[in-house]
Every structure is written in structure tokens, then in C-alpha cells.
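For reference, the structure is listed below as C-alpha cells.
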Amino acid sequence: MATRTATPDARPAPAAGRPAPGRLSELRIRGLGAIDDVTLELGSGLTVVTGETGAGKTMVVTGLTLLFGGRADPGRVRASGRAGVEGRLELPPGSPVWERAADAGADPDDDGSLILARTVSAEGRSRAYLGGRSVPVGVVAELSESLLAVHGQTDQLRLSRPAEQRRALDRYAGPAHLDLLERYREAHQRWRALTADLDRRRGQARELAQAADVLRHGLEEIAAVAPEPGEDEALDTQAKRLSDADALRAAADEARLALVGDVTGDLGGTEAPQDATAALAIAERALASSDDPTLVMLAQDLADAVAVVSDVSAQLAGYVSDLDADPARLAEVLDRRAAITALVRKYAEVGQGASGVLAWAEEAQEKLAQLDVSDEALDALAAERDAARAEVDRLGAELSAGRRAAAEGFAAEVGAELAGLAMKSARVSFSIDSHPDEPGPDGIDDVALLLAAHPGAPARPVHKGASGGELSRVMLAIEVVFAGADPVPVMVFDEVDAGVGGQAAGEIGRRLARLARDHQVVVVTHLAQVAAFADTHLVVDKSPDTGAGVTATDIRSVQEEDRVRELARMLSGLADSDTGQAHARELLAVAASAR
């Protein structure tokens with residue numbers, strides 16, 4: 001079957017004043033379930049996926065879950081033997097996803113988007129790709145935590161985890177509370193580190209004391225010599241010069257005699273050949289007396305050469321005067337060099353010299369501070385640990401109080417949303433059990449979201465006290481409460497309207513549309529009341545593929561009259577029913593006025 005591209009309706013802009021959080025602009029699914037090869041261009045805002053039962057609507061959700069690191073099910077792979085999902089993410093420059101993707105070696109596409117891909121074979125082998133690079137599936141799964149939230153009949157893991165429920169309550173409590181949580185985490189980390197250090201020193205006192213003695217001995221050896229950075233190289237140069245002083249002086253004197261002659265009488269004899277300076281001066285005067293411009297210019301060059309020769313001669317004279325042939329000084333330099341060489345062999349890495357000795361000494365000083373097991377050091381460390389624990393207790397109590405204060409308002413707002421989602425009798429609450437004697441990295445509280453689905457029912461953990469459809473609606477209510485605050489840019493709801501009809505269905509559509517003002521929302525639905533609120537409406541069609549002998553699925557975007565026909569089919573089962581189409585147009589008008 002040829003690749004089919006479904007394009008969206010006009011895309012709404014993000015809510016005023018809010019930066020675009022990112023979105024999935026394109027999704028391609030190949031060989032997955034009933035889908036052969038389909039490319040979807042997903043719009044911003046609310047996208048709904050509709051179609052007959054069994055047509056393969058859920059494969060869109062399955063493809064998204066697979067793309068973002070979900071479990072690969074080889075049973076979903078078509079007879080072709082390999083399934084693949086590709087997605088194009090458009091992310092703002094400041095998104096933390098870019099930093100993690102760069103760490104994995106991913107590169108942005110030419111248009112600045114990030115390409116994700118996942119393949120699954122019929123044998124169960126799976127591979128993931130990020131920005132053109134093969135990466136472990138776990139890397140993509142890690143990114144998905146800040147990119148995608150899937151809420152469906154069988155995928156409610158995020159809401160069922162107590163840690164996620166605690167994070168939801170913390171987010172609801174506001175920025176000041178989140179700042180307090182961060183300060184608590186830092187204090188808790190410091191307290192744990194100090195406790196571990198104290199336990200280590202007390203439990204390994206003998207071994208640590210012995211290690212400290214070794215370090216002290218090394219530091220004393222280094223302090224006795226007190227080498228300077230690069231001193232070993234300087235001593236090598238100085239020793240060579242002192243050893244070769246006579247030969248060096250002879251070479252310098254010979255060169256100076258050839259350049260300027262024995263002008264001071266300290267070079268010995270009067271039989272020296274004509275020096276270079278005199279020869280150059282004669283040549284310069286001969287040329288300078290000519291009227292020819294070229295010769296005059298060459299004469300100037302010779303005058304410059306005379307100056308250079310004179311300068312070199314002066315430097316040679318200074319070099320000779322600085323030479324020291326004192327045997328005592330040579331012995332002193334050699335002794336110093338031997339002492340530093342011994343330290344280098346013992347304490348420095350190969351090739352580091354005296355600088356390596358000093359680096360070892362600096363590191364040893366730091367280690368020594370951590371090996372001190374004297375009574376004074378242990379008492380000081382214990383006091384520091386106790387002070388850190390007191391800070392943990394203080395911040396933990398403030399954090400717990402903030403959670404308890406926020407819990408009532410959070411539960412009330414979620415309950416109000418549930419009342420409009422055909423769960424008027426449901427009651428949501430938080431159970432917060434504090435354990436001040438056992439502070440954890442996120443506080444002293446065990447937080448659980450409880451749900452009493454109907455009057456008389458006991459409040460139970462939400463993932464145990466709700467059916468699949470109820471759980472989806474609880475998640476939707478929570479997300480609506482958090483609309484605009486949740487950092488996850490893409491949200492997927494799979495048949496969140498299960499078991500709902502009438503006015504409640506319209507309320508679900510209204511809330512999904514509200515959520516889509518700040519997020520990209522994809523919803524698989526069988527209710528026309530929900531589909532009427534969509535910015536992009538995709539229809540999954542099923543048709544027999546007689547050539548292959550299997551069922552094939554196509555996905556298309558519907559607009560205007562095609563959309564009216566699809567809504568009429570959803571309402572009455574008859575796409576061409578005049579009554580159904582009239583009702584569909586009424587739904588679209590109501591949805592347009594309610595948005």
C-alpha cells in the first residue's frame with residue numbers, strides 16, 4: 001500500500017504569553033498491527049483519532065508509546081517481519097531534552113527538529129535512534145519522562161506511582177514550595193554524606209590512621225626539599241652549563257673575535273684575522289661613496305648588518321661574563337637535582353617532574369583531611385552531622401506542612417473536575433503519613449492519592465479504587481488542574497471517555513480542549529461530543545487488502561463536510577443520515593462557541 005499522509009487543520013497558536021513547550025509535528029508508522037505505512041502530520045492543540053471498532057485506532061497510541069521507549073511487543077509486527085515508528089519533535093532552544101540528546105550524540109535535523117525512531121522485529125529485537133544515532137532504548141525512555149504522558153485503559157503507571165502522586169502535590173503547592181523542596185534535598189544529601197563519612201572513619205579507624213601516616217611521611221619528605229614548579233628542568237640546564245663552562249667560553253670568545261676582533265685585548269694575541277665588523281664597514285663605505293641609487297640602498301643594508309653584528313657581539317660578551325665554572329656551585333646544583341629527582345621517582349606521574357610532586361602533595365593534603373580519626377576530628381564531624389540533621393528536620397517539617405496545606409485544595413479542585421466527568425459522587429483525598437525519624441531524599445512523607453468512587457465506598461489508592469475508565473478521567477481531571485504547569489508537552493489519552501455519554505461526554509471534550517491550550521493533546525475517542533472539540537481530526541479506516549490477504553488500515557485527516565459525515569457516523573452509525581449530519585453540525589457549533 002502506498003504511503004498515505006494525513007495533514008491537519010489550521011494549527012492554533014499557544015496561549016498568549018506562554019512559550020511553545022514543544023510538540024510532535026510528524027509521526028510515521030510502518031508495519032505495526034493493521035497499519036502498513038502511514039505518515040501523520042500532527043497539529044498543535046487537540047488532535048482526535050476516531051474510527052470503527054477494530055480499525056486500529058489504538059495502534060496510533062501503541063506507535064507513540066513504542067517511539068518513546070515503551071515495551072516492544074513482537075506480536076504487533078506485521079507479516080513483513082519489521083515494524084518501525086518515526087517521529088519529528090519540535091522543541092524550544094531551552095528544552096532540557098536538547099542537552100540530554102547531545103550527550104547521546106544526537107544531532108538536530110536541517111530544520112532544527114529532533115528525529116526519533118524505533119524498530120521492532122518479529123523476533124522481538126528492538127533498536128532506538130535519536131537524532132540519527134543509535135542509542136539504548138533506556139535513553140529514549142528517559143527523555144519521554146519530560147516529553148510524553150500516556151493515559152489509557154491499560155497505561156496508568158504515572159498516576160499509580162506514589163512518587164508521582166507526591167510530585168503532583170508538590171507542583172500544585174507552587175514555586176515557593178518547590179524551592180523549599182530543593183533546599184531540603186540539598187540538606188538531606190549533605191547530612192547523608194556527613195553521616196557516611198563519620199561512619200567510615202569510626203569503622204576503619206586503624207586503616208585510615210595507617211594511610212594518614214603514609215601521607216604525612218610523604219608530605220614531610222617533600223617539605224624538606226621544597227621543590228618549585230619546573231625547578232628540575234632549570235637545574236638540568238644550569239648543571240650542563242656549569243659542567244661545560246670552559247668549552248662554552250671558548251666557543252663564545254671565538255665567535256666574538258671573528259665578529260668584532262680583539263677590541264678590548266681580552267681575547268689574547270694580536271694576530272687575529274680581520275673581523276666581520278671591519279670588513280662590513282669597508283664594504284659599506286665603498287658603496288656609500290657611489291652616486292648609483294641601487295648601491296646606496298645596498299650600503300644602507302650593510303650598515304644595518306654592522307649594527308646586528310655589534311649587537312650579537314655584545315650579547316656574547318655578556319654570556320661569557322655570566323658563565324660560572326665554580327666546582328662548588330656545580331656540586332650544589334647536582335645535589336639539589338638528585339634530591340628532586342628522588343621525589344619525582346617516588347611521587348610524580350611519568351613525565352610530570354617537580355610539578356607532579358607538588359600535585360601529589362596538594363592531593364595528599366586533601367586526603368589527609370578526610371583520614372583524620374583523632375578524637376577532636378571525630379567530635380567536630382559528629383557536631384557537623386548533627387547540625388545537618390537538624391536542618392533536615394526543620395526543612396522536612398516545613399515541607400510536610402506545605403503538602404498538608406496544599407492537599408485539601410488540590411483534592412477539592414480535582415473533585416470539582418470529576419463532577420463534570422460523570423463522576424459526581426467521587427471523592428478524592430490525600431493520605432499523608434509522616435515519618436520524621438526516617439527522612440528520605442524527598443521529605444518525611446509517604447503520599448498517596450485516594451479515591452472513593454461512590455458514596456459509601458472506602459477511600460482506596462486511586463489505581464486500586466477506580467476502573468480503567470475512571471482512572472483515565474481522574475488523570476484527565478488532574479491534568480486539567482495542572483494545565484499550563486505540567487512540563488510534559490505531549491499528552492495522549494486512549495479512550496478516556498469509556499463508559500461516558502451525553503452531557504458528560506461534552507464536558508470531557510471541553511476539558512481536553514482547555515488542556516490543549518498549553519499542550520499538544522492526542523485523544524483516541526469513540527464519542528462525537530469529544531471529537532467535535534478537535535483542532536485536528538484523524539479518521540482510521542479499515543479495508544481488506546485482497547492482494548496480501550490481510551486487513552489494512554489507512555489514516556486520513558477530515559475537514560468540513562468530511563468531518564460532518566464522520567461525526568454523523570459516530571452519532572448514528574450512518575454517515576449520510578440527514579438527522580445525524582444536522583446533529584453533527586450542531587455539535588461543531590456548540591464546541592466552537594465553548595472554546
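We label chains A, B, ... in the order they appear in the C-alpha cells, count residues from 1 in each chain, and number ligands from 1 in the order shown.
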**Request:** Tell me, as a list in words, which residues lie within 6 Å of segment 299-305 of chain A, counting only C-alpha atoms; anything in the same chain fewer than 5 positions away does not count.
**Result:**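 The neighbour list is Glu284, Leu287 and Ala288 of chain A.
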Would you output that residue set with N, CA, C and O atoms, as a PDB file, in the first residue's frame?
```
ATOM      1  N   GLU A 284      80.672  48.873   3.206  1.00  0.00           N
ATOM      2  CA  GLU A 284      79.607  49.889   3.315  1.00  0.00           C
ATOM      3  C   GLU A 284      80.104  51.238   2.832  1.00  0.00           C
ATOM      4  O   GLU A 284      79.408  51.955   2.093  1.00  0.00           O
ATOM      5  N   LEU A 287      80.411  51.393  -1.050  1.00  0.00           N
ATOM      6  CA  LEU A 287      79.125  51.548  -1.757  1.00  0.00           C
ATOM      7  C   LEU A 287      78.513  52.918  -1.502  1.00  0.00           C
ATOM      8  O   LEU A 287      77.890  53.516  -2.386  1.00  0.00           O
ATOM      9  N   ALA A 288      78.680  53.414  -0.320  1.00  0.00           N
ATOM     10  CA  ALA A 288      78.062  54.696   0.022  1.00  0.00           C
ATOM     11  C   ALA A 288      78.663  55.851  -0.766  1.00  0.00           C
ATOM     12  O   ALA A 288      78.005  56.884  -0.978  1.00  0.00           O
TER      13      ALA A 288
END
```
Could you pull the residues within 10 Å of segment 108-119 of chain A, counting only C-alpha atoms, minus those fewer than 4 positions along the same chain, as a PDB file with N, CA and C atoms, in the first residue's frame?
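Contents of the output file selection00.pdb:
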```pdb
ATOM      1  N   LEU A  24       5.056  17.198  18.831  1.00  0.00           N
ATOM      2  CA  LEU A  24       5.375  16.170  17.850  1.00  0.00           C
ATOM      3  C   LEU A  24       4.683  16.568  16.553  1.00  0.00           C
ATOM      4  N   SER A  25       5.464  16.990  15.576  1.00  0.00           N
ATOM      5  CA  SER A  25       4.860  17.517  14.349  1.00  0.00           C
ATOM      6  C   SER A  25       4.572  16.438  13.313  1.00  0.00           C
ATOM      7  N   GLU A  26       5.247  15.294  13.433  1.00  0.00           N
ATOM      8  CA  GLU A  26       5.064  14.257  12.413  1.00  0.00           C
ATOM      9  C   GLU A  26       5.263  12.887  13.040  1.00  0.00           C
ATOM     10  N   LEU A  27       4.447  11.941  12.611  1.00  0.00           N
ATOM     11  CA  LEU A  27       4.541  10.573  13.093  1.00  0.00           C
ATOM     12  C   LEU A  27       4.344   9.619  11.925  1.00  0.00           C
ATOM     13  N   ARG A  28       5.312   8.722  11.730  1.00  0.00           N
ATOM     14  CA  ARG A  28       5.200   7.713  10.681  1.00  0.00           C
ATOM     15  C   ARG A  28       5.196   6.333  11.324  1.00  0.00           C
ATOM     16  N   ILE A  29       4.216   5.503  10.937  1.00  0.00           N
ATOM     17  CA  ILE A  29       4.074   4.148  11.478  1.00  0.00           C
ATOM     18  C   ILE A  29       4.128   3.173  10.312  1.00  0.00           C
ATOM     19  N   ARG A  30       5.003   2.167  10.434  1.00  0.00           N
ATOM     20  CA  ARG A  30       5.148   1.166   9.375  1.00  0.00           C
ATOM     21  C   ARG A  30       5.086  -0.238   9.979  1.00  0.00           C
ATOM     22  N   GLY A  31       4.248  -1.080   9.380  1.00  0.00           N
ATOM     23  CA  GLY A  31       4.226  -2.499   9.733  1.00  0.00           C
ATOM     24  C   GLY A  31       3.784  -2.797  11.139  1.00  0.00           C
ATOM     25  N   GLY A  63       1.964   3.104  18.692  1.00  0.00           N
ATOM     26  CA  GLY A  63       3.129   3.643  17.986  1.00  0.00           C
ATOM     27  C   GLY A  63       3.815   4.738  18.781  1.00  0.00           C
ATOM     28  N   LEU A  66       5.623   3.159  21.730  1.00  0.00           N
ATOM     29  CA  LEU A  66       6.831   2.474  21.259  1.00  0.00           C
ATOM     30  C   LEU A  66       7.924   3.474  20.919  1.00  0.00           C
ATOM     31  N   LEU A  67       7.553   4.554  20.252  1.00  0.00           N
ATOM     32  CA  LEU A  67       8.523   5.564  19.841  1.00  0.00           C
ATOM     33  C   LEU A  67       9.251   6.156  21.041  1.00  0.00           C
ATOM     34  N   PHE A  68       8.535   6.329  22.130  1.00  0.00           N
ATOM     35  CA  PHE A  68       9.113   6.979  23.305  1.00  0.00           C
ATOM     36  C   PHE A  68       9.588   5.973  24.357  1.00  0.00           C
ATOM     37  N   GLY A  69      10.045   4.808  23.899  1.00  0.00           N
ATOM     38  CA  GLY A  69      10.729   3.885  24.791  1.00  0.00           C
ATOM     39  C   GLY A  69       9.876   2.851  25.466  1.00  0.00           C
ATOM     40  N   GLY A  70       8.601   2.702  25.035  1.00  0.00           N
ATOM     41  CA  GLY A  70       7.739   1.696  25.641  1.00  0.00           C
ATOM     42  C   GLY A  70       8.155   0.284  25.277  1.00  0.00           C
ATOM     43  N   ALA A  72       8.436  -3.227  23.649  1.00  0.00           N
ATOM     44  CA  ALA A  72       8.211  -3.687  22.279  1.00  0.00           C
ATOM     45  C   ALA A  72       7.506  -5.036  22.305  1.00  0.00           C
ATOM     46  N   VAL A  77       3.892  -6.903  15.261  1.00  0.00           N
ATOM     47  CA  VAL A  77       4.603  -6.739  13.996  1.00  0.00           C
ATOM     48  C   VAL A  77       3.871  -7.477  12.892  1.00  0.00           C
ATOM     49  N   ARG A  82       9.095  -6.620  10.235  1.00  0.00           N
ATOM     50  CA  ARG A  82       9.711  -5.496  10.947  1.00  0.00           C
ATOM     51  C   ARG A  82       8.717  -4.333  11.012  1.00  0.00           C
ATOM     52  N   ALA A  83       8.579  -3.783  12.214  1.00  0.00           N
ATOM     53  CA  ALA A  83       7.752  -2.595  12.414  1.00  0.00           C
ATOM     54  C   ALA A  83       8.659  -1.427  12.745  1.00  0.00           C
ATOM     55  N   GLY A  84       8.236  -0.238  12.362  1.00  0.00           N
ATOM     56  CA  GLY A  84       9.028   0.943  12.637  1.00  0.00           C
ATOM     57  C   GLY A  84       8.154   2.150  12.914  1.00  0.00           C
ATOM     58  N   VAL A  85       8.614   2.994  13.807  1.00  0.00           N
ATOM     59  CA  VAL A  85       7.914   4.246  14.117  1.00  0.00           C
ATOM     60  C   VAL A  85       8.947   5.363  14.104  1.00  0.00           C
ATOM     61  N   GLU A  86       8.614   6.453  13.430  1.00  0.00           N
ATOM     62  CA  GLU A  86       9.489   7.620  13.389  1.00  0.00           C
ATOM     63  C   GLU A  86       8.692   8.847  13.800  1.00  0.00           C
ATOM     64  N   GLY A  87       9.339   9.752  14.502  1.00  0.00           N
ATOM     65  CA  GLY A  87       8.672  10.977  14.932  1.00  0.00           C
ATOM     66  C   GLY A  87       9.590  12.175  14.794  1.00  0.00           C
ATOM     67  N   ARG A  88       9.005  13.317  14.534  1.00  0.00           N
ATOM     68  CA  ARG A  88       9.751  14.570  14.428  1.00  0.00           C
ATOM     69  C   ARG A  88       9.294  15.493  15.553  1.00  0.00           C
ATOM     70  N   LEU A  89      10.234  15.831  16.459  1.00  0.00           N
ATOM     71  CA  LEU A  89       9.919  16.689  17.590  1.00  0.00           C
ATOM     72  C   LEU A  89      10.397  18.108  17.334  1.00  0.00           C
ATOM     73  N   GLU A  90       9.535  19.063  17.551  1.00  0.00           N
ATOM     74  CA  GLU A  90       9.912  20.471  17.501  1.00  0.00           C
ATOM     75  C   GLU A  90       9.982  20.971  18.937  1.00  0.00           C
ATOM     76  N   LEU A  91      11.189  21.362  19.354  1.00  0.00           N
ATOM     77  CA  LEU A  91      11.424  21.733  20.746  1.00  0.00           C
ATOM     78  C   LEU A  91      11.993  23.139  20.826  1.00  0.00           C
ATOM     79  N   PRO A  92      11.672  23.892  21.864  1.00  0.00           N
ATOM     80  CA  PRO A  92      12.268  25.224  22.037  1.00  0.00           C
ATOM     81  C   PRO A  92      13.751  25.096  22.363  1.00  0.00           C
ATOM     82  N   PRO A  93      14.546  26.126  22.067  1.00  0.00           N
ATOM     83  CA  PRO A  93      16.002  26.046  22.297  1.00  0.00           C
ATOM     84  C   PRO A  93      16.375  25.711  23.736  1.00  0.00           C
ATOM     85  N   VAL A  97      15.678  18.587  26.913  1.00  0.00           N
ATOM     86  CA  VAL A  97      15.819  17.419  26.042  1.00  0.00           C
ATOM     87  C   VAL A  97      17.028  17.574  25.131  1.00  0.00           C
ATOM     88  N   TRP A  98      17.302  18.804  24.682  1.00  0.00           N
ATOM     89  CA  TRP A  98      18.432  19.023  23.775  1.00  0.00           C
ATOM     90  C   TRP A  98      19.747  18.640  24.433  1.00  0.00           C
ATOM     91  N   ALA A 101      19.964  14.874  24.652  1.00  0.00           N
ATOM     92  CA  ALA A 101      20.141  14.309  23.322  1.00  0.00           C
ATOM     93  C   ALA A 101      21.568  14.521  22.825  1.00  0.00           C
ATOM     94  N   ALA A 102      22.132  15.695  23.106  1.00  0.00           N
ATOM     95  CA  ALA A 102      23.510  15.982  22.696  1.00  0.00           C
ATOM     96  C   ALA A 102      24.481  15.049  23.406  1.00  0.00           C
ATOM     97  N   GLY A 124      11.406  -9.962  18.159  1.00  0.00           N
ATOM     98  CA  GLY A 124      11.450  -9.200  19.403  1.00  0.00           C
ATOM     99  C   GLY A 124      12.646  -8.289  19.549  1.00  0.00           C
ATOM    100  N   ARG A 125      13.559  -8.300  18.553  1.00  0.00           N
ATOM    101  CA  ARG A 125      14.719  -7.396  18.639  1.00  0.00           C
ATOM    102  C   ARG A 125      14.269  -5.965  18.394  1.00  0.00           C
ATOM    103  N   SER A 126      14.770  -5.067  19.201  1.00  0.00           N
ATOM    104  CA  SER A 126      14.333  -3.670  19.129  1.00  0.00           C
ATOM    105  C   SER A 126      15.547  -2.753  19.118  1.00  0.00           C
ATOM    106  N   ARG A 127      15.460  -1.686  18.331  1.00  0.00           N
ATOM    107  CA  ARG A 127      16.527  -0.691  18.300  1.00  0.00           C
ATOM    108  C   ARG A 127      15.898   0.702  18.323  1.00  0.00           C
ATOM    109  N   ALA A 128      16.616   1.627  18.946  1.00  0.00           N
ATOM    110  CA  ALA A 128      16.137   3.009  19.042  1.00  0.00           C
ATOM    111  C   ALA A 128      17.171   3.945  18.426  1.00  0.00           C
ATOM    112  N   TYR A 129      16.694   5.035  17.845  1.00  0.00           N
ATOM    113  CA  TYR A 129      17.564   6.019  17.206  1.00  0.00           C
ATOM    114  C   TYR A 129      17.137   7.408  17.659  1.00  0.00           C
ATOM    115  N   LEU A 130      18.128   8.249  17.902  1.00  0.00           N
ATOM    116  CA  LEU A 130      17.861   9.611  18.354  1.00  0.00           C
ATOM    117  C   LEU A 130      18.774  10.554  17.591  1.00  0.00           C
ATOM    118  N   GLY A 131      18.177  11.453  16.808  1.00  0.00           N
ATOM    119  CA  GLY A 131      18.970  12.410  16.055  1.00  0.00           C
ATOM    120  C   GLY A 131      19.977  11.751  15.130  1.00  0.00           C
ATOM    121  N   GLY A 132      19.592  10.639  14.505  1.00  0.00           N
ATOM    122  CA  GLY A 132      20.470   9.965  13.560  1.00  0.00           C
ATOM    123  C   GLY A 132      21.461   9.010  14.189  1.00  0.00           C
ATOM    124  N   ARG A 133      21.454   8.872  15.524  1.00  0.00           N
ATOM    125  CA  ARG A 133      22.391   7.988  16.204  1.00  0.00           C
ATOM    126  C   ARG A 133      21.642   6.832  16.871  1.00  0.00           C
ATOM    127  N   SER A 134      22.218   5.638  16.810  1.00  0.00           N
ATOM    128  CA  SER A 134      21.665   4.503  17.531  1.00  0.00           C
ATOM    129  C   SER A 134      21.943   4.684  19.018  1.00  0.00           C
ATOM    130  N   VAL A 137      17.544   1.951  24.269  1.00  0.00           N
ATOM    131  CA  VAL A 137      16.129   2.309  24.426  1.00  0.00           C
ATOM    132  C   VAL A 137      15.918   3.091  25.718  1.00  0.00           C
ATOM    133  N   VAL A 140      15.927   6.909  25.334  1.00  0.00           N
ATOM    134  CA  VAL A 140      14.671   7.478  24.837  1.00  0.00           C
ATOM    135  C   VAL A 140      13.603   7.438  25.925  1.00  0.00           C
TER     136      VAL A 140
END
```
**Prompt:** For His583 of chain A, which of A:Gln559, A:Gln529, A:Gln210, A:Gln365 is the closest residue, counting only C-alpha atoms?
**Reply:**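 The shortest atom-to-atom distance to His583 of chain A comes from A:Gln529.
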**Prompt:** Which residue, A:Ile555, A:Leu418, A:Leu280, A:Val490, has the smallest gap to Asp37 of chain A when you use only C-alpha atoms?
**Reply:**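 Using only C-alpha atoms, Asp37 of chain A sits closest to A:Ile555.
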**Request:** Would you please work out which residue, of A:Val558, A:Asp535, A:Val524, A:Leu587, is nearest to Glu52 of chain A when using only C-alpha atoms?
**Result:**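 Closest candidate: A:Val524.
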**Message:** I want to know what sits within 10 Å of Arg336 of chain A, based on only C-alpha atoms, with residues of the same chain fewer than 4 positions away left out; could you give that as number ranges by chain?
**Reply:** A: 225, 227, 231-232, 235, 330-332, 340-341
**Message:** I'd like to know which residues of segment 364-550 of chain A are alpha helix (DSSP H) (by DSSP, run on the backbone); could you write them as a ChimeraX atom specification?
**Reply:** /A:364-371,375-419,462-465,468-481,502-515,528-531
Now that the selection is made, can you save its residues with C-alpha atoms as a PDB file, in the first residue's frame?
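Everything below was put into selection23.pdb:
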```
ATOM      1  CA  ALA A 364      47.625  14.283  49.814  1.00  0.00           C
ATOM      2  CA  GLN A 365      46.707  17.301  51.949  1.00  0.00           C
ATOM      3  CA  GLU A 366      43.056  16.938  50.867  1.00  0.00           C
ATOM      4  CA  LYS A 367      43.061  13.184  51.556  1.00  0.00           C
ATOM      5  CA  LEU A 368      44.693  13.718  54.936  1.00  0.00           C
ATOM      6  CA  ALA A 369      41.800  15.923  56.000  1.00  0.00           C
ATOM      7  CA  GLN A 370      39.435  13.025  55.237  1.00  0.00           C
ATOM      8  CA  LEU A 371      41.566  10.472  57.097  1.00  0.00           C
ATOM      9  CA  ASP A 375      39.022  12.400  68.857  1.00  0.00           C
ATOM     10  CA  GLU A 376      38.935  16.103  68.037  1.00  0.00           C
ATOM     11  CA  ALA A 377      38.267  15.478  64.357  1.00  0.00           C
ATOM     12  CA  LEU A 378      35.560  12.878  65.025  1.00  0.00           C
ATOM     13  CA  ASP A 379      33.816  15.133  67.558  1.00  0.00           C
ATOM     14  CA  ALA A 380      33.853  18.036  65.113  1.00  0.00           C
ATOM     15  CA  LEU A 381      32.470  15.841  62.329  1.00  0.00           C
ATOM     16  CA  ALA A 382      29.731  14.482  64.601  1.00  0.00           C
ATOM     17  CA  ALA A 383      28.704  18.026  65.524  1.00  0.00           C
ATOM     18  CA  GLU A 384      28.570  18.958  61.848  1.00  0.00           C
ATOM     19  CA  ARG A 385      26.453  15.894  61.105  1.00  0.00           C
ATOM     20  CA  ASP A 386      24.024  16.700  63.937  1.00  0.00           C
ATOM     21  CA  ALA A 387      23.666  20.273  62.703  1.00  0.00           C
ATOM     22  CA  ALA A 388      22.926  18.983  59.192  1.00  0.00           C
ATOM     23  CA  ARG A 389      20.305  16.589  60.594  1.00  0.00           C
ATOM     24  CA  ALA A 390      18.665  19.428  62.495  1.00  0.00           C
ATOM     25  CA  GLU A 391      18.434  21.365  59.228  1.00  0.00           C
ATOM     26  CA  VAL A 392      16.880  18.310  57.537  1.00  0.00           C
ATOM     27  CA  ASP A 393      14.329  18.004  60.341  1.00  0.00           C
ATOM     28  CA  ARG A 394      13.440  21.689  60.162  1.00  0.00           C
ATOM     29  CA  LEU A 395      13.029  21.771  56.382  1.00  0.00           C
ATOM     30  CA  GLY A 396      11.249  18.393  56.390  1.00  0.00           C
ATOM     31  CA  ALA A 397       8.651  19.674  58.840  1.00  0.00           C
ATOM     32  CA  GLU A 398       8.073  22.800  56.719  1.00  0.00           C
ATOM     33  CA  LEU A 399       7.783  20.656  53.602  1.00  0.00           C
ATOM     34  CA  SER A 400       5.263  18.338  55.230  1.00  0.00           C
ATOM     35  CA  ALA A 401       3.187  21.268  56.450  1.00  0.00           C
ATOM     36  CA  GLY A 402       3.152  22.709  52.941  1.00  0.00           C
ATOM     37  CA  ARG A 403       1.950  19.423  51.495  1.00  0.00           C
ATOM     38  CA  ARG A 404      -0.844  19.110  54.014  1.00  0.00           C
ATOM     39  CA  ALA A 405      -1.944  22.661  53.327  1.00  0.00           C
ATOM     40  CA  ALA A 406      -1.977  22.040  49.563  1.00  0.00           C
ATOM     41  CA  ALA A 407      -3.641  18.611  49.723  1.00  0.00           C
ATOM     42  CA  GLU A 408      -7.100  19.870  50.629  1.00  0.00           C
ATOM     43  CA  GLY A 409      -7.216  22.450  47.830  1.00  0.00           C
ATOM     44  CA  PHE A 410      -5.787  20.020  45.292  1.00  0.00           C
ATOM     45  CA  ALA A 411      -8.333  17.323  46.155  1.00  0.00           C
ATOM     46  CA  ALA A 412     -11.172  19.850  46.002  1.00  0.00           C
ATOM     47  CA  GLU A 413     -10.193  21.093  42.538  1.00  0.00           C
ATOM     48  CA  VAL A 414      -9.786  17.575  41.169  1.00  0.00           C
ATOM     49  CA  GLY A 415     -13.141  16.614  42.681  1.00  0.00           C
ATOM     50  CA  ALA A 416     -14.791  19.596  41.003  1.00  0.00           C
ATOM     51  CA  GLU A 417     -13.404  18.484  37.644  1.00  0.00           C
ATOM     52  CA  LEU A 418     -14.577  14.907  38.232  1.00  0.00           C
ATOM     53  CA  ALA A 419     -18.099  16.170  38.897  1.00  0.00           C
ATOM     54  CA  VAL A 462      -6.509   5.629  43.182  1.00  0.00           C
ATOM     55  CA  HIS A 463      -5.106   2.850  40.989  1.00  0.00           C
ATOM     56  CA  LYS A 464      -6.948   0.287  43.131  1.00  0.00           C
ATOM     57  CA  GLY A 465     -10.170   2.158  43.767  1.00  0.00           C
ATOM     58  CA  GLY A 468      -9.788   1.810  33.839  1.00  0.00           C
ATOM     59  CA  GLY A 469     -12.184   4.451  32.543  1.00  0.00           C
ATOM     60  CA  GLU A 470     -12.464   6.117  35.943  1.00  0.00           C
ATOM     61  CA  LEU A 471      -8.712   6.164  36.314  1.00  0.00           C
ATOM     62  CA  SER A 472      -8.337   7.861  32.939  1.00  0.00           C
ATOM     63  CA  ARG A 473     -10.849  10.515  33.976  1.00  0.00           C
ATOM     64  CA  VAL A 474      -9.061  11.077  37.301  1.00  0.00           C
ATOM     65  CA  MET A 475      -5.839  11.582  35.348  1.00  0.00           C
ATOM     66  CA  LEU A 476      -7.615  13.974  32.996  1.00  0.00           C
ATOM     67  CA  ALA A 477      -9.002  15.938  35.941  1.00  0.00           C
ATOM     68  CA  ILE A 478      -5.532  16.214  37.476  1.00  0.00           C
ATOM     69  CA  GLU A 479      -4.003  17.317  34.182  1.00  0.00           C
ATOM     70  CA  VAL A 480      -6.701  19.964  33.736  1.00  0.00           C
ATOM     71  CA  VAL A 481      -5.962  21.284  37.234  1.00  0.00           C
ATOM     72  CA  GLY A 502     -24.462  12.607  26.969  1.00  0.00           C
ATOM     73  CA  GLN A 503     -23.548  15.849  28.722  1.00  0.00           C
ATOM     74  CA  ALA A 504     -20.543  14.270  30.472  1.00  0.00           C
ATOM     75  CA  ALA A 505     -19.039  13.470  27.075  1.00  0.00           C
ATOM     76  CA  GLY A 506     -19.273  17.118  26.104  1.00  0.00           C
ATOM     77  CA  GLU A 507     -17.617  18.102  29.373  1.00  0.00           C
ATOM     78  CA  ILE A 508     -14.725  15.736  28.618  1.00  0.00           C
ATOM     79  CA  GLY A 509     -14.297  17.369  25.216  1.00  0.00           C
ATOM     80  CA  ARG A 510     -14.403  20.818  26.782  1.00  0.00           C
ATOM     81  CA  ARG A 511     -11.686  19.901  29.309  1.00  0.00           C
ATOM     82  CA  LEU A 512      -9.473  18.284  26.711  1.00  0.00           C
ATOM     83  CA  ALA A 513      -9.741  21.439  24.603  1.00  0.00           C
ATOM     84  CA  ARG A 514      -8.804  23.529  27.633  1.00  0.00           C
ATOM     85  CA  LEU A 515      -5.806  21.283  28.291  1.00  0.00           C
ATOM     86  CA  ALA A 528     -18.663  12.609  18.674  1.00  0.00           C
ATOM     87  CA  GLN A 529     -19.141  15.038  21.578  1.00  0.00           C
ATOM     88  CA  VAL A 530     -15.383  14.805  22.257  1.00  0.00           C
ATOM     89  CA  ALA A 531     -14.312  14.750  18.598  1.00  0.00           C
TER      90      ALA A 531
END
```
**Item:** strand (DSSP E) residues, from DSSP on the backbone, in segment 290-433 of chain A, as JSON, numbers by chain
**Value:** {"A": [427, 428, 429, 430, 431, 432, 433]}
